[in-house]
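Below is model_33.pdb, holding PDB, C-alpha atoms.
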```pdb
ATOM      1  CA  MET A 170       0.000   0.000   0.000
ATOM      2  CA  ALA A 171       2.836   2.373   0.874
ATOM      3  CA  THR A 172       4.395   1.673  -2.527
ATOM      4  CA  ILE A 173       1.122   2.479  -4.281
ATOM      5  CA  ASP A 174       0.746   5.699  -2.271
ATOM      6  CA  ARG A 175       4.311   6.778  -3.100
ATOM      7  CA  ARG A 176       3.682   6.096  -6.774
ATOM      8  CA  SER A 177       0.384   8.030  -6.663
ATOM      9  CA  ALA A 178       2.104  10.947  -4.933
ATOM     10  CA  THR A 179       4.899  10.950  -7.517
ATOM     11  CA  LEU A 180       2.403  10.923 -10.380
ATOM     12  CA  ALA A 181       0.354  13.702  -8.767
ATOM     13  CA  LEU A 182       3.445  15.889  -8.480
ATOM     14  CA  ALA A 183       4.397  15.185 -12.093
ATOM     15  CA  HIS A 184       0.920  16.126 -13.329
ATOM     16  CA  ALA A 185       0.898  19.240 -11.148
ATOM     17  CA  LEU A 186       4.285  20.378 -12.465
ATOM     18  CA  SER A 187       3.076  19.874 -16.045
ATOM     19  CA  ALA A 188      -0.038  21.964 -15.350
ATOM     20  CA  ALA A 189       2.068  24.686 -13.718
ATOM     21  CA  GLU A 190       4.335  24.724 -16.762
ATOM     22  CA  HIS A 191       1.245  25.586 -18.825
ATOM     23  CA  GLY A 192       0.383  28.539 -16.585
ATOM     24  CA  LEU A 193      -2.152  26.808 -14.322
ATOM     25  CA  PRO A 194      -1.678  27.546 -10.585
ATOM     26  CA  VAL A 195      -1.823  24.319  -8.563
ATOM     27  CA  ILE A 196      -2.087  22.996  -4.991
ATOM     28  CA  PRO A 197      -1.774  19.436  -3.635
ATOM     29  CA  LEU A 198      -5.024  17.581  -2.861
ATOM     30  CA  SER A 199      -5.771  14.590  -0.681
ATOM     31  CA  ARG A 200      -7.899  11.621  -1.778
ATOM     32  CA  THR A 201     -10.944  13.502  -0.491
ATOM     33  CA  LYS A 202     -10.359  16.219  -3.135
ATOM     34  CA  LEU A 203      -9.685  18.727  -0.352
ATOM     35  CA  PRO A 204      -6.446  20.721   0.014
ATOM     36  CA  ALA A 205      -3.856  18.372   1.471
ATOM     37  CA  LEU A 206      -2.252  20.904   3.803
ATOM     38  CA  ARG A 207      -4.100  21.983   6.933
ATOM     39  CA  SER A 208      -4.286  25.614   7.979
ATOM     40  CA  PRO A 209      -1.338  26.805  10.080
ATOM     41  CA  HIS A 210      -3.882  28.848  12.073
ATOM     42  CA  ARG A 211      -6.152  25.943  13.002
ATOM     43  CA  ASP A 212      -5.203  26.154  16.701
ATOM     44  CA  ALA A 213      -5.522  29.943  16.938
ATOM     45  CA  PRO A 214      -7.979  30.977  19.700
ATOM     46  CA  ASP A 215      -9.689  33.455  17.371
ATOM     47  CA  PRO A 216     -10.425  33.016  13.660
ATOM     48  CA  LEU A 217      -7.788  34.632  11.455
ATOM     49  CA  LEU A 218      -8.458  36.034   7.993
ATOM     50  CA  CYS A 219      -5.197  35.022   6.351
ATOM     51  CA  ARG A 220      -4.796  34.180   2.679
ATOM     52  CA  GLY A 221      -1.147  33.274   2.876
ATOM     53  CA  GLU A 222       0.181  36.613   4.042
ATOM     54  CA  CYS A 223       1.857  34.789   6.941
ATOM     55  CA  GLY A 224       4.176  33.070   4.465
ATOM     56  CA  ARG A 225       3.282  29.535   5.565
ATOM     57  CA  PRO A 226       1.443  26.955   3.421
ATOM     58  CA  GLY A 227      -1.983  25.638   4.309
ATOM     59  CA  HIS A 228      -4.304  28.322   2.936
ATOM     60  CA  GLY A 229      -6.069  26.183   0.371
ATOM     61  CA  VAL A 230      -6.484  27.710  -3.047
ATOM     62  CA  HIS A 231      -4.549  30.784  -1.927
ATOM     63  CA  ASP A 232      -1.393  28.609  -1.954
ATOM     64  CA  ALA A 233      -1.813  27.879  -5.666
ATOM     65  CA  THR A 234       1.288  28.629  -7.705
ATOM     66  CA  THR A 235       2.960  28.033 -11.059
ATOM     67  CA  ASP A 236       6.488  28.223  -9.641
ATOM     68  CA  PRO A 237       8.058  24.732  -9.955
ATOM     69  CA  ALA A 238      10.162  25.058  -6.795
ATOM     70  CA  THR A 239       7.144  26.125  -4.739
ATOM     71  CA  VAL A 240       5.017  23.333  -6.221
ATOM     72  CA  ARG A 241       7.665  20.801  -5.186
ATOM     73  CA  ALA A 242       7.830  22.320  -1.699
ATOM     74  CA  LEU A 243       4.045  22.109  -1.269
ATOM     75  CA  PHE A 244       3.996  18.450  -2.291
ATOM     76  CA  ALA A 245       7.008  17.711  -0.082
ATOM     77  CA  ALA A 246       5.033  19.132   2.851
ATOM     78  CA  ALA A 247       2.086  16.878   1.937
ATOM     79  CA  PRO A 248       3.586  13.500   0.937
ATOM     80  CA  TRP A 249       0.125  11.927   1.253
ATOM     81  CA  ALA A 250      -1.254  14.050  -1.603
ATOM     82  CA  THR A 251      -2.473  11.941  -4.525
ATOM     83  CA  GLY A 252      -3.945  14.719  -6.621
ATOM     84  CA  TYR A 253      -3.790  18.404  -7.375
ATOM     85  CA  GLY A 254      -6.196  21.280  -7.705
ATOM     86  CA  ILE A 255      -6.086  24.006 -10.323
ATOM     87  CA  ALA A 256      -7.057  27.471  -9.100
ATOM     88  CA  CYS A 257      -9.736  29.154 -11.193
ATOM     89  CA  GLY A 258      -9.954  32.844 -12.017
ATOM     90  CA  ARG A 259      -6.212  33.382 -11.833
ATOM     91  CA  PRO A 260      -4.008  34.824 -14.595
ATOM     92  CA  PRO A 261      -2.954  34.100 -17.246
ATOM     93  CA  HIS A 262      -5.917  31.876 -18.160
ATOM     94  CA  HIS A 263      -8.602  33.126 -15.714
ATOM     95  CA  LEU A 264      -9.976  29.592 -15.799
ATOM     96  CA  ILE A 265     -13.712  28.951 -15.466
ATOM     97  CA  GLY A 266     -14.856  25.396 -14.776
ATOM     98  CA  VAL A 267     -18.291  24.195 -15.874
ATOM     99  CA  ASP A 268     -18.989  21.082 -13.792
ATOM    100  CA  LEU A 269     -21.644  18.864 -15.355
ATOM    101  CA  ASP A 270     -22.789  16.504 -12.635
ATOM    102  CA  THR A 271     -24.441  13.134 -13.212
ATOM    103  CA  LYS A 272     -27.366  12.042 -11.106
ATOM    104  CA  ALA A 273     -30.243   9.696 -11.782
ATOM    105  CA  ASP A 274     -32.759  12.550 -11.908
ATOM    106  CA  THR A 275     -30.543  15.171 -13.574
ATOM    107  CA  ASP A 276     -29.359  15.548 -17.177
ATOM    108  CA  SER A 277     -26.924  18.437 -16.857
ATOM    109  CA  THR A 278     -25.668  18.024 -20.425
ATOM    110  CA  ALA A 279     -29.200  18.494 -21.782
ATOM    111  CA  ALA A 280     -29.661  21.461 -19.449
ATOM    112  CA  LEU A 281     -26.532  23.089 -20.852
ATOM    113  CA  ARG A 282     -27.734  22.500 -24.415
ATOM    114  CA  HIS A 283     -31.055  24.126 -23.505
ATOM    115  CA  LEU A 284     -29.248  27.164 -22.089
ATOM    116  CA  ALA A 285     -27.114  27.403 -25.221
ATOM    117  CA  LEU A 286     -30.183  27.356 -27.493
ATOM    118  CA  ARG A 287     -32.085  29.808 -25.349
ATOM    119  CA  HIS A 288     -29.231  32.319 -25.040
ATOM    120  CA  LEU A 289     -27.693  31.745 -28.484
ATOM    121  CA  PHE A 290     -24.214  30.527 -27.668
ATOM    122  CA  THR A 291     -22.140  27.494 -28.588
ATOM    123  CA  ILE A 292     -19.706  25.701 -26.300
ATOM    124  CA  PRO A 293     -16.398  25.708 -28.210
ATOM    125  CA  GLU A 294     -13.995  22.803 -28.452
ATOM    126  CA  THR A 295     -12.031  22.880 -25.231
ATOM    127  CA  VAL A 296     -10.395  20.766 -22.559
ATOM    128  CA  VAL A 297     -12.824  18.270 -21.008
ATOM    129  CA  VAL A 298     -11.970  16.300 -17.875
ATOM    130  CA  LEU A 299     -13.918  13.148 -17.031
ATOM    131  CA  THR A 300     -14.679  12.585 -13.348
ATOM    132  CA  PRO A 301     -14.781   9.161 -11.661
ATOM    133  CA  SER A 302     -18.537   9.533 -11.091
ATOM    134  CA  GLY A 303     -19.215   9.997 -14.792
ATOM    135  CA  GLY A 304     -19.431  13.774 -14.801
ATOM    136  CA  ARG A 305     -17.475  16.225 -16.928
ATOM    137  CA  HIS A 306     -15.536  19.411 -16.308
ATOM    138  CA  LEU A 307     -15.423  21.869 -19.206
ATOM    139  CA  TRP A 308     -12.495  24.281 -19.072
ATOM    140  CA  LEU A 309     -13.128  27.814 -20.353
ATOM    141  CA  THR A 310     -11.231  31.069 -19.969
ATOM    142  CA  GLY A 311     -12.573  34.463 -18.947
ATOM    143  CA  PRO A 312     -11.370  38.004 -19.636
ATOM    144  CA  PRO A 313      -9.158  39.837 -17.139
ATOM    145  CA  GLY A 314     -11.062  42.019 -14.713
ATOM    146  CA  VAL A 315     -14.149  39.784 -14.590
ATOM    147  CA  ALA A 316     -14.561  37.743 -11.407
ATOM    148  CA  VAL A 317     -16.877  34.804 -12.084
ATOM    149  CA  PRO A 318     -18.316  33.582  -8.762
ATOM    150  CA  ASN A 319     -18.626  29.957  -7.730
ATOM    151  CA  SER A 320     -22.142  28.567  -7.841
ATOM    152  CA  ALA A 321     -23.990  25.269  -7.429
ATOM    153  CA  SER A 322     -26.984  24.531  -9.677
ATOM    154  CA  ARG A 323     -27.725  28.258 -10.103
ATOM    155  CA  LEU A 324     -27.709  28.042 -13.904
ATOM    156  CA  ALA A 325     -29.579  24.745 -13.966
ATOM    157  CA  PRO A 326     -29.787  21.575 -11.856
ATOM    158  CA  GLY A 327     -26.523  19.662 -11.999
ATOM    159  CA  ILE A 328     -24.442  22.537 -13.421
ATOM    160  CA  ASP A 329     -21.889  23.891 -10.961
ATOM    161  CA  ILE A 330     -19.451  26.692 -11.734
ATOM    162  CA  ARG A 331     -15.897  26.979 -10.451
ATOM    163  CA  GLY A 332     -14.675  30.554 -10.621
ATOM    164  CA  ALA A 333     -12.629  32.989  -8.558
ATOM    165  CA  GLY A 334     -11.669  31.421  -5.245
ATOM    166  CA  GLY A 335     -12.510  27.915  -6.451
ATOM    167  CA  TYR A 336     -10.499  25.089  -7.955
ATOM    168  CA  LEU A 337     -10.852  22.113 -10.266
ATOM    169  CA  VAL A 338      -9.415  18.661  -9.617
ATOM    170  CA  GLY A 339      -6.684  18.240 -12.218
ATOM    171  CA  PRO A 340      -6.553  15.326 -14.668
ATOM    172  CA  GLY A 341      -4.379  12.501 -13.408
ATOM    173  CA  SER A 342      -5.477  13.028  -9.799
ATOM    174  CA  LEU A 343      -6.319   9.924  -7.780
ATOM    175  CA  THR A 344      -9.257  10.330  -5.381
ATOM    176  CA  ALA A 345     -11.196   7.978  -3.146
ATOM    177  CA  HIS A 346     -13.616   7.384  -6.029
ATOM    178  CA  GLY A 347     -11.120   6.997  -8.856
ATOM    179  CA  ILE A 348      -8.967   8.940 -11.278
ATOM    180  CA  TYR A 349      -9.769  12.158 -13.122
ATOM    181  CA  ARG A 350      -8.859  11.813 -16.799
ATOM    182  CA  THR A 351      -8.726  14.100 -19.818
ATOM    183  CA  ALA A 352     -11.450  13.174 -22.308
ATOM    184  CA  PRO A 353     -10.086  11.577 -25.508
ATOM    185  CA  GLY A 354      -9.400  14.148 -28.214
ATOM    186  CA  THR A 355      -9.259  17.143 -25.867
ATOM    187  CA  GLY A 356      -5.888  16.753 -24.168
ATOM    188  CA  HIS A 357      -4.061  18.703 -26.889
ATOM    189  CA  LEU A 358      -6.476  21.645 -26.728
ATOM    190  CA  ALA A 359      -6.029  24.891 -24.846
ATOM    191  CA  PRO A 360      -8.943  26.119 -22.712
ATOM    192  CA  ALA A 361     -11.274  28.033 -25.033
ATOM    193  CA  PRO A 362     -12.679  31.517 -24.309
ATOM    194  CA  CYS A 363     -16.050  31.475 -22.588
ATOM    195  CA  PRO A 364     -18.812  32.587 -24.995
ATOM    196  CA  GLY A 365     -19.991  36.095 -24.224
ATOM    197  CA  ALA A 366     -23.635  35.140 -23.656
ATOM    198  CA  LEU A 367     -22.635  32.393 -21.220
ATOM    199  CA  LEU A 368     -20.231  34.704 -19.396
ATOM    200  CA  ARG A 369     -23.047  37.169 -18.793
ATOM    201  CA  LEU A 370     -25.067  34.361 -17.218
ATOM    202  CA  LEU A 371     -22.162  33.400 -14.974
ATOM    203  CA  ALA A 372     -20.955  36.815 -13.854
ATOM    204  CA  PRO A 373     -23.992  38.860 -12.744
ATOM    205  CA  PRO A 374     -24.805  39.047  -9.035
ATOM    206  CA  ALA A 375     -28.343  39.644  -7.827
ATOM    207  CA  PRO A 376     -29.384  43.318  -7.937
ATOM    208  CA  LEU A 377     -29.403  45.183  -4.634
ATOM    209  CA  PRO A 378     -32.883  45.304  -3.067
ATOM    210  CA  ASP A 379     -34.393  48.669  -2.212
ATOM    211  CA  ARG A 380     -35.816  49.418   1.231
ATOM    212  CA  ALA A 381     -39.074  47.723   0.337
ATOM    213  CA  GLY A 382     -37.211  44.556  -0.593
ATOM    214  CA  HIS A 383     -37.670  44.965  -4.352
ATOM    215  CA  PRO A 384     -34.817  44.808  -6.910
ATOM    216  CA  ALA A 385     -33.151  48.119  -7.581
ATOM    217  CA  GLN A 386     -34.684  50.027 -10.461
ATOM    218  CA  GLY A 387     -33.308  52.765 -12.659
ATOM    219  CA  HIS A 388     -31.751  50.738 -15.484
ATOM    220  CA  ALA A 389     -33.297  53.003 -18.090
ATOM    221  CA  SER A 390     -31.539  56.113 -16.766
ATOM    222  CA  GLY A 391     -28.568  54.266 -15.387
ATOM    223  CA  HIS A 392     -28.883  55.772 -11.886
ATOM    224  CA  GLY A 393     -29.605  52.408 -10.274
ATOM    225  CA  LEU A 394     -26.638  50.801 -12.034
ATOM    226  CA  VAL A 395     -24.279  53.541 -10.883
ATOM    227  CA  GLN A 396     -25.473  53.216  -7.289
ATOM    228  CA  PHE A 397     -25.161  49.438  -7.506
ATOM    229  CA  VAL A 398     -21.477  49.800  -8.435
ATOM    230  CA  ARG A 399     -20.817  52.529  -5.881
ATOM    231  CA  ALA A 400     -22.097  50.261  -3.069
ATOM    232  CA  ALA A 401     -19.700  47.418  -3.960
ATOM    233  CA  HIS A 402     -17.453  46.008  -1.250
ATOM    234  CA  GLU A 403     -13.989  44.493  -1.607
ATOM    235  CA  GLY A 404     -14.119  41.240  -3.535
ATOM    236  CA  GLN A 405     -17.213  42.181  -5.562
ATOM    237  CA  ARG A 406     -16.217  45.441  -7.258
ATOM    238  CA  ASN A 407     -15.229  43.956 -10.616
ATOM    239  CA  THR A 408     -18.186  41.588 -10.648
ATOM    240  CA  ARG A 409     -20.704  44.351  -9.935
ATOM    241  CA  LEU A 410     -19.115  46.730 -12.411
ATOM    242  CA  PHE A 411     -19.098  44.102 -15.162
ATOM    243  CA  TRP A 412     -22.742  43.205 -14.492
ATOM    244  CA  ALA A 413     -23.834  46.851 -14.457
ATOM    245  CA  ALA A 414     -21.896  47.658 -17.640
ATOM    246  CA  CYS A 415     -23.471  44.678 -19.433
ATOM    247  CA  ARG A 416     -26.942  45.861 -18.427
ATOM    248  CA  ALA A 417     -26.103  49.385 -19.569
ATOM    249  CA  TYR A 418     -24.978  48.225 -23.017
ATOM    250  CA  GLU A 419     -28.005  45.953 -23.319
ATOM    251  CA  ASN A 420     -30.186  49.035 -22.686
ATOM    252  CA  GLY A 421     -28.285  51.135 -25.214
ATOM    253  CA  ILE A 422     -26.758  53.503 -22.651
ATOM    254  CA  GLY A 423     -23.373  51.836 -22.206
ATOM    255  CA  ASP A 424     -21.197  54.467 -23.858
ATOM    256  CA  SER A 425     -23.009  57.391 -22.244
ATOM    257  CA  LEU A 426     -22.864  55.762 -18.804
ATOM    258  CA  ALA A 427     -19.251  54.565 -18.984
ATOM    259  CA  ASP A 428     -17.756  57.613 -17.248
ATOM    260  CA  ALA A 429     -20.331  57.535 -14.442
ATOM    261  CA  LEU A 430     -19.761  53.819 -13.906
ATOM    262  CA  THR A 431     -16.007  54.394 -13.842
ATOM    263  CA  THR A 432     -16.383  57.169 -11.252
ATOM    264  CA  ALA A 433     -18.598  54.911  -9.112
ATOM    265  CA  ALA A 434     -16.134  52.032  -9.341
ATOM    266  CA  VAL A 435     -13.214  54.280  -8.358
ATOM    267  CA  ALA A 436     -15.251  55.576  -5.417
ATOM    268  CA  ALA A 437     -15.778  51.935  -4.373
ATOM    269  CA  GLY A 438     -12.017  51.374  -4.431
ATOM    270  CA  LEU A 439     -11.285  50.026  -7.914
ATOM    271  CA  PRO A 440      -8.343  51.522  -9.843
ATOM    272  CA  GLU A 441      -9.560  53.639 -12.771
ATOM    273  CA  ARG A 442      -7.532  51.706 -15.337
ATOM    274  CA  GLU A 443      -9.002  48.410 -14.129
ATOM    275  CA  ALA A 444     -12.511  49.863 -14.113
ATOM    276  CA  ARG A 445     -12.252  51.072 -17.701
ATOM    277  CA  ALA A 446     -10.845  47.700 -18.792
ATOM    278  CA  THR A 447     -13.805  45.930 -17.185
ATOM    279  CA  ILE A 448     -16.297  48.238 -18.913
ATOM    280  CA  ALA A 449     -14.501  47.669 -22.227
ATOM    281  CA  SER A 450     -14.822  43.893 -21.680
ATOM    282  CA  ALA A 451     -18.557  44.295 -21.087
ATOM    283  CA  ALA A 452     -18.858  46.341 -24.280
ATOM    284  CA  ARG A 453     -17.070  43.675 -26.325
ATOM    285  CA  LEU A 454     -19.165  40.866 -24.862
ATOM    286  CA  SER A 455     -22.402  42.777 -25.455
ATOM    287  CA  ASN A 456     -21.412  43.261 -29.079
ATOM    288  CA  LEU A 457     -20.701  39.541 -29.399
ATOM    289  CA  GLY A 458     -24.055  38.667 -27.893
ATOM    290  CA  SER A 459     -25.890  40.985 -30.288
ATOM    291  CA  GLY A 460     -24.070  39.571 -33.290
ATOM    292  CA  ASN A 461     -22.190  42.814 -34.037
TER     293      ASN A 461
END
```
Give the structure from this file in structure tokens form.
Amino acid sequence: MATIDRRSATLALAHALSAAEHGLPVIPLSRTKLPALRSPHRDAPDPLLCRGECGRPGHGVHDATTDPATVRALFAAAPWATGYGIACGRPPHHLIGVDLDTKADTDSTAALRHLALRHLFTIPETVVVLTPSGGRHLWLTGPPGVAVPNSASRLAPGIDIRGAGGYLVGPGSLTAHGIYRTAPGTGHLAPAPCPGALLRLLAPPAPLPDRAGHPAQGHASGHGLVQFVRAAHEGQRNTRLFWAACRAYENGIGDSLADALTTAAVAAGLPEREARATIASAARLSNLGSGN
């Protein structure tokens, strides 16, 4: 058994190093698909909000790296690791994972086809990873400045999304239920860009409610969108700005509202250059979705 575990650990490290070489940030995983290294703050009397600033490993996806020496060090600290996770939403690929689950009462593949027909997009040829349970992970890439949130069955039953702050189990990983493998014919592909119409479905947060509990109004004039961006907190600024800009362009006021949205985003703490890049991404995606 020890020999098998050593071989599995060696293979996991080799796969992780190969992924890192292709620009995919990785962390070691245990057979449970969870990060292999425990938090260095687990015995602290009070909860600590640390994402690796302490310099020690054990911060889950925040440990993810493409540096070969650091990858080796992480796996050396977790010799029981038999798999690896790939951090989503990180440069250069800004990976988005579409997890199509398989359950007796759920056809997630058909649900995705229905979404594609309804919203007029096509899933491009891309990397597909087969899970031990019979599911599939589709790898897509997003534009810089757009934080796609993680979600479970929000799009449709059986369709989970791995975005910023999440990770995908990498192909070649051994888990308690089996091995993750690249689907035949997709291993040579690079992750394909996420279609604009699908990205708009993935990125938008729920509108802020007003005092009466109703969704914020004012899309026609843009006032509600500007306020929505201005009220953003750390970790949601890009997502809110992208959503608001998409709605503005869909309503034909994108160009006229761009400066106001930029000012609101800067007031919320986003650098102006990043804000304008996010609005430009929304403009491009809106044009794609309209066929322009």
Skip segment 300-313 of chain A itself and residues of its chain fewer than 4 positions away, then list as a ChimeraX atom specification all residues within 7 Å of it, counting all atoms listed in the file.
/A:262-271,295-296,346-350,360-363
For Thr179 of chain A, which residue out of A:Ala245, A:Leu286, A:Ile196, A:Leu337 is the nearest one, using all atoms listed in the file?
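Nearest to Thr179 of chain A: A:Ala245.
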Given the file above and the PyMOL selection byres ((chain A and resi 365) around 12), which residues are selected, and can you give them as an NGL selection string?
:A and (285 or 288-293 or 309-312 or 315 or 361-364 or 366-372 or 415 or 450-460)
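We find atom CA of Glu441 of chain A and atom CA of Ile422 of chain A to be spaced 19.8 Å apart.
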How big is the axis-aligned box around the listed atoms of segment 275-293 of chain A once 6 Å is added on each side, and where is its centre? Give both in Å to one decimal, as AutoDock Vina command-line options.
```
--center_x -24.2 --center_y 23.7 --center_z -21.1 --size_x 27.7 --size_y 29.1 --size_z 27.0
```
At what distance in Å, to one decimal, does atom CA of Arg220 of chain A lie from atom CA of Leu182 of chain A?
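One can read the atom CA of Leu182 of chain A to atom CA of Arg220 of chain A distance as 23.0 Å.
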In Å to one decimal, how far is atom CA of Thr447 of chain A from atom CA of Val398 of chain A?
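The value is 12.3 Å.
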Which is closer to Gly335 of chain A than all the others in A:Gly356, A:Gly229, A:Gly221, A:Pro197, using all atoms listed in the file?
A:Gly229
Counting only C-alpha atoms, closest pick from A:Ala333, A:Cys219, A:Ala325, A:Ala352 relative to Thr278 of chain A is A:Ala325
Reconstructed segment 247-263 of chain A, atom set N, CA and C atoms, as a compact mmCIF listing (two decimals), in the frame of the given file:
```txt
# COMPACT_ATOMS: atom_id res chain seq x y z
N ALA A 247 3.29 17.72 1.91
CA ALA A 247 2.09 16.88 1.94
C ALA A 247 2.36 15.59 1.16
N PRO A 248 3.22 14.71 1.67
CA PRO A 248 3.59 13.50 0.94
C PRO A 248 2.42 12.54 0.73
N TRP A 249 1.31 12.76 1.42
CA TRP A 249 0.12 11.93 1.25
C TRP A 249 -0.77 12.40 0.11
N ALA A 250 -0.43 13.52 -0.51
CA ALA A 250 -1.25 14.05 -1.60
C ALA A 250 -1.22 13.11 -2.80
N THR A 251 -2.38 12.81 -3.34
CA THR A 251 -2.47 11.94 -4.53
C THR A 251 -3.13 12.66 -5.70
N GLY A 252 -3.34 13.95 -5.55
CA GLY A 252 -3.94 14.72 -6.62
C GLY A 252 -3.55 16.17 -6.51
N TYR A 253 -4.10 16.98 -7.39
CA TYR A 253 -3.79 18.40 -7.38
C TYR A 253 -5.01 19.19 -7.83
N GLY A 254 -5.12 20.39 -7.30
CA GLY A 254 -6.20 21.28 -7.70
C GLY A 254 -5.65 22.41 -8.54
N ILE A 255 -6.46 22.89 -9.45
CA ILE A 255 -6.09 24.01 -10.32
C ILE A 255 -6.96 25.20 -9.96
N ALA A 256 -6.32 26.28 -9.52
CA ALA A 256 -7.06 27.47 -9.10
C ALA A 256 -7.73 28.14 -10.29
N CYS A 257 -8.99 28.48 -10.13
CA CYS A 257 -9.74 29.15 -11.19
C CYS A 257 -9.66 30.67 -11.00
N GLY A 258 -9.90 31.39 -12.08
CA GLY A 258 -9.95 32.84 -12.02
C GLY A 258 -8.62 33.54 -11.93
N ARG A 259 -7.54 32.80 -12.00
CA ARG A 259 -6.21 33.38 -11.83
C ARG A 259 -5.54 33.58 -13.19
N PRO A 260 -4.72 34.64 -13.34
CA PRO A 260 -4.01 34.82 -14.60
C PRO A 260 -2.99 33.71 -14.78
N PRO A 261 -2.58 33.39 -16.02
CA PRO A 261 -2.95 34.10 -17.25
C PRO A 261 -4.24 33.61 -17.90
N HIS A 262 -4.78 32.46 -17.45
CA HIS A 262 -5.92 31.88 -18.16
C HIS A 262 -7.27 32.34 -17.62
N HIS A 263 -7.33 32.75 -16.34
CA HIS A 263 -8.60 33.13 -15.71
C HIS A 263 -9.61 32.00 -15.94
```
